[in-house]
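Have a look at model_12.cif; it's mmCIF, C-alpha atoms:
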data_protein
#
loop_
_atom_site.label_atom_id
_atom_site.label_comp_id
_atom_site.auth_asym_id
_atom_site.auth_seq_id
_atom_site.Cartn_x
_atom_site.Cartn_y
_atom_site.Cartn_z
CA MET A 1 49.30 124.95 19.64
CA TRP A 2 51.96 122.30 20.41
CA GLY A 3 53.66 123.18 17.14
CA GLN A 4 53.81 126.81 17.92
CA TRP A 5 55.25 126.10 21.35
CA ASN A 6 57.99 123.98 19.91
CA VAL A 7 58.99 126.58 17.30
CA SER A 8 58.88 129.65 19.47
CA LYS A 9 60.30 128.15 22.71
CA PRO A 10 63.11 125.63 22.32
CA ALA A 11 63.64 123.05 25.10
CA VAL A 12 65.75 124.05 28.01
CA ARG A 13 68.15 121.12 27.51
CA SER A 14 69.17 122.58 24.12
CA SER A 15 70.03 125.94 25.64
CA THR A 16 71.84 124.67 28.77
CA ASN A 17 75.63 123.98 28.60
CA VAL A 18 77.46 122.60 31.57
CA GLY A 19 81.11 121.91 30.96
CA GLY A 20 80.48 121.09 27.32
CA VAL A 21 77.61 118.72 28.14
CA ASN A 22 74.24 119.97 27.21
CA GLY A 23 71.15 119.54 29.35
CA SER A 24 70.20 117.48 32.44
CA SER A 25 70.00 114.27 30.44
CA ASP A 26 73.68 114.54 29.59
CA CYS A 27 74.47 115.07 33.27
CA ARG A 28 72.65 111.86 34.20
CA ASN A 29 74.49 110.00 31.48
CA PHE A 30 77.80 111.30 32.74
CA GLY A 31 77.08 110.16 36.36
CA THR A 32 76.00 106.77 35.16
CA THR A 33 79.22 106.41 33.25
CA LEU A 34 81.32 107.30 36.31
CA PHE A 35 79.37 104.80 38.43
CA VAL A 36 79.91 102.00 35.94
CA LEU A 37 83.61 102.78 35.68
CA GLY A 38 83.98 102.86 39.51
CA CYS A 39 82.20 99.54 39.93
CA GLY A 40 84.44 97.97 37.35
CA VAL A 41 87.58 99.24 39.06
CA LEU A 42 86.28 98.10 42.48
CA THR A 43 85.36 94.68 41.11
CA ARG A 44 88.81 94.25 39.66
CA LEU A 45 90.43 95.34 42.94
CA LEU A 46 88.33 92.92 44.99
CA SER A 47 88.87 90.04 42.62
CA SER A 48 92.55 90.82 42.57
CA GLY A 49 92.72 90.80 46.40
CA CYS A 50 90.79 87.51 46.69
CA GLY A 51 92.98 85.93 44.12
CA ASN A 52 96.13 86.86 46.07
CA LYS A 53 94.71 85.41 49.28
CA ASN A 54 93.95 82.05 47.67
CA VAL A 55 97.38 81.99 46.13
CA SER A 56 99.07 82.66 49.51
CA ALA A 57 96.98 80.00 51.27
CA ALA A 58 97.81 77.41 48.67
CA ALA A 59 101.46 78.33 48.90
CA ALA A 60 101.69 77.87 52.77
CA PRO A 61 104.07 74.97 53.56
CA PRO A 62 102.95 72.06 55.83
CA PRO A 63 103.93 72.50 59.49
CA ASN A 64 107.04 70.82 60.85
CA VAL A 65 106.43 68.18 63.52
CA GLN A 66 108.59 65.66 65.33
CA VAL A 67 107.45 62.04 65.34
CA VAL A 68 108.55 58.86 67.06
CA GLU A 69 107.89 55.26 66.15
CA VAL A 70 105.73 53.14 68.42
CA MET A 71 108.12 50.84 70.31
CA GLN A 72 107.47 47.26 71.35
CA ARG A 73 109.48 45.66 74.14
CA ASP A 74 109.27 43.84 77.46
CA VAL A 75 108.71 46.47 80.13
CA PRO A 76 108.92 46.20 83.93
CA VAL A 77 105.78 47.77 85.38
CA TYR A 78 106.49 49.77 88.54
CA HIS A 79 103.90 50.47 91.21
CA GLU A 80 104.31 53.11 93.86
CA TYR A 81 102.24 53.64 96.99
CA LEU A 82 102.17 56.00 99.95
CA ALA A 83 103.59 54.24 103.01
CA THR A 84 103.60 54.76 106.78
CA LEU A 85 106.38 53.34 108.94
CA ASP A 86 105.74 51.53 112.20
CA GLY A 87 107.70 49.40 114.62
CA TYR A 88 107.94 45.68 114.00
CA VAL A 89 106.70 45.28 117.59
CA ASN A 90 105.29 48.13 119.67
CA ALA A 91 105.11 47.33 123.39
CA GLN A 92 103.00 49.68 125.48
CA ILE A 93 104.53 49.96 128.93
CA GLN A 94 101.84 50.10 131.62
CA PRO A 95 102.18 49.36 135.35
CA GLN A 96 100.51 46.24 136.69
CA VAL A 97 100.00 47.67 140.18
CA SER A 98 98.92 51.05 141.48
CA GLY A 99 101.27 53.33 143.37
CA TYR A 100 103.46 56.41 143.24
CA LEU A 101 106.33 56.65 140.78
CA ILE A 102 109.56 57.25 142.64
CA LYS A 103 112.14 56.78 139.86
CA GLN A 104 112.68 56.70 136.07
CA ASP A 105 115.52 54.36 135.15
CA TYR A 106 116.02 54.94 131.40
CA ARG A 107 116.98 57.69 128.98
CA GLU A 108 114.11 58.71 126.75
CA GLY A 109 114.64 57.91 123.06
CA ALA A 110 117.46 55.48 123.84
CA LEU A 111 117.82 51.80 123.13
CA VAL A 112 116.63 49.61 126.00
CA SER A 113 116.90 45.85 126.47
CA ARG A 114 114.33 43.27 127.38
CA ASN A 115 113.56 43.13 131.16
CA GLN A 116 115.36 46.42 131.78
CA VAL A 117 113.73 48.42 134.58
CA LEU A 118 112.22 51.63 133.17
CA PHE A 119 110.22 52.94 136.15
CA LYS A 120 110.13 52.29 139.88
CA ILE A 121 106.95 52.39 141.96
CA ASP A 122 107.09 52.85 145.73
CA PRO A 123 107.50 49.24 146.99
CA ARG A 124 106.83 49.75 150.72
CA PRO A 125 103.08 48.99 150.73
CA PHE A 126 103.70 45.85 148.71
CA GLN A 127 106.56 44.77 150.98
CA ALA A 128 104.22 45.05 153.94
CA ILE A 129 101.70 42.83 152.18
CA VAL A 130 104.43 40.27 151.54
CA ASP A 131 105.40 40.24 155.20
CA GLN A 132 101.79 39.84 156.25
CA ALA A 133 101.27 36.97 153.80
CA LYS A 134 104.36 35.20 155.07
CA ALA A 135 103.13 35.54 158.66
CA GLN A 136 99.79 34.03 157.75
CA LEU A 137 101.60 31.21 155.99
CA ALA A 138 103.61 30.54 159.13
CA GLN A 139 100.43 30.33 161.19
CA ALA A 140 98.90 27.94 158.69
CA GLU A 141 101.98 25.76 158.71
CA ALA A 142 101.90 25.66 162.54
CA GLN A 143 98.28 24.63 162.47
CA LEU A 144 99.12 21.97 159.92
CA GLY A 145 101.79 20.59 162.23
CA LYS A 146 99.33 20.35 165.12
CA THR A 147 96.75 18.51 163.02
CA GLN A 148 99.37 16.07 161.83
CA LEU A 149 100.34 15.31 165.45
CA ASP A 150 96.69 14.80 166.32
CA VAL A 151 96.28 12.31 163.52
CA GLN A 152 99.44 10.44 164.47
CA ARG A 153 98.40 10.24 168.14
CA ASP A 154 94.78 9.27 167.65
CA THR A 155 95.27 6.68 164.92
CA PRO A 156 96.55 3.84 167.21
CA LEU A 157 94.09 4.84 169.93
CA ALA A 158 91.19 4.52 167.53
CA LYS A 159 92.42 1.06 166.49
CA GLU A 160 92.45 -0.04 170.12
CA LYS A 161 88.99 1.45 170.67
CA ALA A 162 90.47 3.79 173.22
CA ILE A 163 88.83 6.74 171.55
CA ALA A 164 85.86 7.08 169.30
CA GLN A 165 86.43 6.68 165.59
CA SER A 166 84.70 10.00 165.01
CA GLN A 167 87.47 11.81 166.87
CA LEU A 168 90.05 10.38 164.51
CA ASP A 169 87.90 11.34 161.57
CA ASN A 170 87.76 14.91 162.85
CA ASP A 171 91.53 14.94 163.26
CA ILE A 172 92.00 13.77 159.68
CA GLN A 173 89.62 16.40 158.28
CA ALA A 174 91.30 19.12 160.32
CA ASN A 175 94.65 18.04 158.91
CA LEU A 176 93.35 18.21 155.36
CA ALA A 177 91.91 21.67 155.99
CA ALA A 178 95.22 22.83 157.43
CA LYS A 179 97.04 21.58 154.34
CA ALA A 180 94.64 23.54 152.10
CA THR A 181 95.14 26.65 154.22
CA VAL A 182 98.89 26.31 153.85
CA GLU A 183 98.60 26.03 150.08
CA ALA A 184 96.33 29.09 149.93
CA ASP A 185 98.70 31.11 152.09
CA LYS A 186 101.63 30.06 149.91
CA ALA A 187 99.75 31.35 146.86
CA ALA A 188 99.04 34.59 148.71
CA VAL A 189 102.74 34.97 149.43
CA GLU A 190 103.59 34.36 145.78
CA GLN A 191 101.00 36.95 144.69
CA ALA A 192 102.31 39.47 147.18
CA GLU A 193 105.88 38.89 146.04
CA LEU A 194 104.77 39.18 142.42
CA ASN A 195 103.08 42.52 143.11
CA LEU A 196 106.22 43.64 144.86
CA GLU A 197 108.19 42.71 141.74
CA PHE A 198 105.68 44.63 139.59
CA THR A 199 106.81 47.81 141.30
CA ASN A 200 109.76 47.51 138.89
CA VAL A 201 108.17 48.43 135.54
CA ARG A 202 110.28 46.63 132.92
CA SER A 203 110.60 46.69 129.14
CA LEU A 204 109.07 43.67 127.45
CA ILE A 205 111.25 43.81 124.31
CA ASP A 206 114.51 45.17 122.96
CA GLY A 207 113.89 48.47 121.23
CA ILE A 208 113.75 52.25 121.35
CA ALA A 209 111.90 53.67 124.35
CA GLY A 210 109.73 56.71 123.78
CA ILE A 211 109.34 59.84 125.85
CA ALA A 212 107.73 59.11 129.21
CA SER A 213 104.16 60.21 129.75
CA GLY A 214 104.36 59.51 133.47
CA GLN A 215 106.56 61.57 135.75
CA VAL A 216 108.12 60.89 139.12
CA GLY A 217 105.59 61.59 141.87
CA ASN A 218 102.54 60.63 139.77
CA LEU A 219 100.02 58.19 141.14
CA VAL A 220 99.76 55.53 138.43
CA SER A 221 97.51 52.55 137.85
CA PRO A 222 97.32 49.71 135.29
CA GLN A 223 95.24 51.94 132.99
CA ILE A 224 98.05 54.50 132.64
CA LEU A 225 100.41 54.34 129.64
CA LEU A 226 103.89 55.26 130.84
CA THR A 227 105.78 54.94 127.53
CA THR A 228 106.11 52.77 124.41
CA VAL A 229 109.06 50.65 123.34
CA SER A 230 109.32 49.85 119.61
CA GLN A 231 111.43 47.21 117.95
CA LEU A 232 112.85 48.98 114.87
CA GLU A 233 115.05 46.26 113.39
CA PRO A 234 113.46 45.47 111.02
CA ILE A 235 110.84 48.19 110.63
CA LYS A 236 107.43 47.81 109.01
CA ALA A 237 106.08 49.90 106.15
CA TYR A 238 102.31 49.81 105.70
CA PHE A 239 100.71 50.70 102.36
CA THR A 240 97.38 50.05 100.66
CA VAL A 241 96.50 48.86 97.16
CA SER A 242 93.12 48.93 95.46
CA GLU A 243 90.95 45.86 95.21
CA GLN A 244 91.33 45.95 91.41
CA GLN A 245 95.13 45.83 91.66
CA TYR A 246 94.91 42.98 94.14
CA LEU A 247 92.64 41.00 91.80
CA ALA A 248 94.99 41.67 88.87
CA PHE A 249 97.86 40.23 90.94
CA VAL A 250 95.77 37.14 91.73
CA LYS A 251 94.97 36.64 88.04
CA ARG A 252 98.66 36.78 87.14
CA ASN A 253 99.43 34.34 89.98
CA PRO A 254 96.36 32.10 90.32
CA THR A 255 97.72 29.58 92.85
CA VAL A 256 98.89 30.02 96.41
CA ALA A 257 102.32 28.65 95.53
CA ALA A 258 102.68 31.08 92.60
CA ARG A 259 101.68 34.03 94.76
CA GLU A 260 104.08 33.08 97.56
CA ALA A 261 106.92 32.62 95.08
CA ARG A 262 106.22 36.01 93.48
CA GLU A 263 106.00 37.74 96.86
CA LYS A 264 109.46 36.42 97.76
CA GLN A 265 110.86 37.95 94.55
CA PHE A 266 109.66 41.47 95.31
CA GLU A 267 112.42 43.97 96.08
CA LEU A 268 110.98 47.16 97.46
CA ASP A 269 112.47 50.65 97.41
CA LEU A 270 111.56 53.18 100.08
CA ILE A 271 111.50 56.80 98.94
CA LEU A 272 111.74 59.08 101.97
CA ALA A 273 110.01 62.40 102.57
CA ASP A 274 113.00 64.41 101.29
CA GLY A 275 112.94 62.55 97.97
CA SER A 276 115.97 60.38 98.72
CA THR A 277 115.87 56.61 98.34
CA TYR A 278 116.62 54.49 101.39
CA PRO A 279 119.76 52.48 100.57
CA ARG A 280 118.46 49.12 101.80
CA LYS A 281 115.92 46.99 99.92
CA GLY A 282 112.74 45.82 101.58
CA LYS A 283 110.79 42.58 101.37
CA PHE A 284 107.08 41.89 101.20
CA TYR A 285 105.81 40.75 104.61
CA ALA A 286 102.04 40.24 104.73
CA ALA A 287 98.61 41.18 103.37
CA ASP A 288 95.76 42.01 105.69
CA ARG A 289 92.94 39.51 106.09
CA GLN A 290 90.26 41.78 104.62
CA VAL A 291 89.47 44.58 102.20
CA ASP A 292 88.40 47.82 103.86
CA ILE A 293 84.69 48.19 103.10
CA GLN A 294 84.93 51.99 103.25
CA THR A 295 87.91 52.53 100.95
CA GLY A 296 87.87 49.35 98.85
CA ALA A 297 91.59 48.86 99.51
CA ILE A 298 93.63 46.15 101.15
CA ARG A 299 96.47 46.86 103.57
CA LEU A 300 99.90 45.39 102.90
CA ALA A 301 103.08 45.38 104.98
CA ALA A 302 106.75 45.31 104.01
CA LEU A 303 109.89 44.95 106.11
CA PHE A 304 113.00 47.10 105.71
CA PRO A 305 116.34 46.50 107.44
CA ASN A 306 117.05 49.26 109.96
CA PRO A 307 120.26 48.39 111.83
CA ASP A 308 121.15 52.00 112.64
CA ASN A 309 117.61 52.97 113.72
CA VAL A 310 117.49 55.66 111.04
CA LEU A 311 113.86 54.93 110.26
CA ARG A 312 111.33 55.70 112.98
CA PRO A 313 107.64 54.88 113.46
CA GLY A 314 105.31 57.53 112.05
CA GLN A 315 107.52 58.49 109.12
CA PHE A 316 105.90 58.82 105.70
CA GLY A 317 107.38 57.67 102.43
CA ARG A 318 106.58 55.88 99.18
CA VAL A 319 107.08 52.19 98.52
CA ARG A 320 108.08 51.44 94.92
CA PHE A 321 108.67 48.06 93.29
CA VAL A 322 108.42 46.14 90.02
CA SER A 323 104.97 44.57 90.09
CA TYR A 324 105.38 42.43 86.96
CA ILE A 325 106.97 42.31 83.49
CA ARG A 326 104.72 43.36 80.61
CA THR A 327 105.87 41.33 77.60
CA GLY A 328 105.65 42.85 74.11
CA ALA A 329 104.22 46.12 75.37
CA LEU A 330 103.60 49.01 72.93
CA LEU A 331 105.08 52.28 74.17
CA VAL A 332 104.50 55.92 73.24
CA PRO A 333 105.83 59.04 75.01
CA GLN A 334 103.41 60.51 77.51
CA LYS A 335 103.66 63.95 75.89
CA ALA A 336 102.35 62.47 72.63
CA VAL A 337 99.08 61.45 74.27
CA ILE A 338 96.20 63.94 74.30
CA GLU A 339 93.84 63.40 77.23
CA LEU A 340 90.36 64.84 76.81
CA GLN A 341 87.42 64.07 79.12
CA GLY A 342 88.68 60.62 80.01
CA SER A 343 89.62 59.61 76.45
CA TYR A 344 93.14 59.39 75.04
CA GLN A 345 94.23 60.27 71.51
CA VAL A 346 97.43 60.45 69.48
CA ALA A 347 98.19 62.01 66.11
CA VAL A 348 99.49 59.32 63.74
CA VAL A 349 101.40 60.35 60.61
CA GLY A 350 100.92 57.97 57.69
CA ASN A 351 103.23 57.20 54.76
CA ASP A 352 101.63 60.09 52.83
CA ASN A 353 102.55 62.46 55.70
CA LYS A 354 98.88 63.03 56.51
CA VAL A 355 97.70 63.12 60.12
CA THR A 356 95.11 60.70 61.50
CA LEU A 357 93.80 61.13 65.04
CA LYS A 358 93.39 57.76 66.79
CA THR A 359 91.71 56.96 70.09
CA LEU A 360 93.69 54.72 72.44
CA LYS A 361 93.14 52.43 75.37
CA VAL A 362 96.12 53.05 77.62
CA GLY A 363 97.59 50.98 80.44
CA GLU A 364 100.23 51.74 83.05
CA ARG A 365 102.84 54.46 82.83
CA THR A 366 106.49 53.50 82.89
CA GLY A 367 108.98 56.32 83.15
CA ALA A 368 108.31 58.88 80.40
CA MET A 369 106.33 56.35 78.37
CA TRP A 370 102.76 55.12 78.34
CA ILE A 371 101.81 51.52 77.65
CA VAL A 372 99.16 51.26 74.93
CA ASP A 373 96.69 48.39 75.23
CA GLU A 374 94.69 49.10 72.05
CA GLY A 375 94.72 51.54 69.12
CA LEU A 376 98.29 51.42 67.73
CA LYS A 377 100.63 49.05 65.94
CA PRO A 378 104.40 48.70 66.23
CA GLY A 379 106.33 51.06 63.97
CA GLU A 380 103.54 53.62 63.49
CA ARG A 381 104.69 57.21 63.73
CA VAL A 382 103.05 59.46 66.33
CA VAL A 383 103.52 63.21 66.72
CA VAL A 384 105.48 64.03 69.84
CA GLU A 385 106.30 67.72 69.21
CA GLY A 386 103.73 70.01 67.60
CA VAL A 387 100.66 68.04 68.65
CA GLN A 388 98.70 71.24 69.30
CA LYS A 389 98.98 72.53 65.73
CA VAL A 390 97.92 69.42 63.81
CA ARG A 391 94.43 68.45 62.71
CA ASP A 392 92.90 65.34 61.25
CA SER A 393 93.82 64.82 57.56
CA MET A 394 96.37 67.67 57.71
CA LEU A 395 99.54 67.37 55.66
CA VAL A 396 102.66 67.75 57.81
CA LYS A 397 106.40 67.62 57.40
CA PRO A 398 107.60 64.99 59.93
CA THR A 399 111.06 64.68 61.44
CA LEU A 400 111.83 61.33 63.03
CA THR A 401 113.30 61.45 66.53
CA THR A 402 114.13 58.86 69.16
CA ALA A 403 112.17 58.39 72.38
CA THR A 404 113.91 57.14 75.50
CA VAL A 405 112.37 55.45 78.51
CA GLU A 406 113.28 57.56 81.54
CA GLY A 407 112.39 57.56 85.20
CA ASN A 408 110.48 54.82 86.87
#
Mind converting the file's structure to structure tokens?
Amino acid sequence: MWGQWNVSKPAVRSSTNVGGVNGSSDCRNFGTTLFVLGCGVLTRLLSSGCGNKNVSAAAAPPPNVQVVEVMQRDVPVYHEYLATLDGYVNAQIQPQVSGYLIKQDYREGALVSRNQVLFKIDPRPFQAIVDQAKAQLAQAEAQLGKTQLDVQRDTPLAKEKAIAQSQLDNDIQANLAAKATVEADKAAVEQAELNLEFTNVRSLIDGIAGIASGQVGNLVSPQILLTTVSQLEPIKAYFTVSEQQYLAFVKRNPTVAAREAREKQFELDLILADGSTYPRKGKFYAADRQVDIQTGAIRLAALFPNPDNVLRPGQFGRVRFVSYIRTGALLVPQKAVIELQGSYQVAVVGNDNKVTLKTLKVGERTGAMWIVDEGLKPGERVVVEGVQKVRDSMLVKPTLTTATVEGN
């Protein structure tokens, strides 16, 4: 049967002709061939593209960076602190007696002299007390005179037994009491006259008088502040330093003599609120007796000459001075230092022009430079321009530049 079927009915693939390719099997072979050819072309294209990318990456030149050499020199270390100005002496003017103000005898904001009358209190009640005290003193003196006469008269009589001795004793005691009364009344007169003088409210120092808080017609008492007079030549500048900075100063100057000698050498600049520098140098004056337990800082005071009264109490400024000389300090520009979460790094370029990131321990800033305590050596090259584009072990093309110490 199978033989007859094969002879009489040829297979369909032998009778089918599609574009010169016979049968379905030829069609499948043709598709497979196209697929293989396409994959080959795609593979060559992909491999060609990857090869070009690797070639371009390998051909990219190293980035250009600017480097500076780590400098070593003796550097003055400046410290700067916020300061508040105050008078060298501030005298609060308060009356010492109660009464009505009848006159103001000074120009507010002007220079006044010691013992100058600033205010006048109505003196009439105090004058009356003076007169009364003097009258009582006169009575006491008259009584004293009588007792003295009694003693003089009765003394010889008592010797002759003409009178009892007890009478003479009474005369003597009365005389002593009269003398005491006279002394008491004299003191009362002095107190009354002193209170009368206190009706003239005077300045206690030479200085600038402030605006009056009491006005003519006010009833004043010793608890009332009338004005304040401040001595402004020289003027004080108060500023605070941390306990750590104070201890560092003590370590550099371990003895009292060394500290006093160093304090005399300080020359302080005062930078005013407008950014200008006061033309006269200041001197260190005193350190407070204690460290503030709340802030952990100690209060210091400096004195600045102020002959023209330009500086006034209450002004703010900044005190700046050379704290000490750091010998052999290593310096790098501040813009070369990368600060990240409390750590400091620089990019160091070696002799092979490869970058190495190093962690530093930094000290004080001086001008545009930063003092390096640990992590660098003199002469090493650090990246100062292009820090953001370098990585560890990266090859770079360095250009040496010069760093200058600027500012404070």
### Message
Using Å and a single decimal, report how far atom CA of Gly207 of chain A sits from atom CA of Glu233 of chain A.
### Response
8.2 Å
### Summary
Pairwise distance, atom CA of Asp373 of chain A with atom CA of Phe249 of chain A, equals 17.7 Å
### Task
Have a look at A:Val189, A:Leu219, A:Ala133, A:Ala128 and name the one nearest to Pro95 of chain A; count only C-alpha atoms.
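Checking each candidate against Pro95 of chain A, we get A:Leu219 as the closest.
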### Query
At what distance in Å, to one decimal, does atom CA of Ala192 of chain A lie from atom CA of Glu141 of chain A?
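It comes out at 17.9 Å.
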### Message
Nearest residue to Lys264 of chain A out of A:Lys146, A:Lys283, A:Arg114, A:Arg318, using all atoms listed in the file?
### Response
A:Lys283
### Message
Considering all atoms listed in the file, can you say which of A:Thr227, A:Asn115, A:Gln96, A:Thr147 comes closest to Asn170 of chain A?
### Response
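So, comparing all the options, the nearest one is A:Thr147.
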### Query
Once the PyMOL selection byres ((chain A and resi 331-345) around 9) has been applied to the shown file, what residues remain in the selection, as a PyMOL selection string?
chain A and resi 67-73+329-330+346-347+357-362+365-372+378+382-385+387+403-405
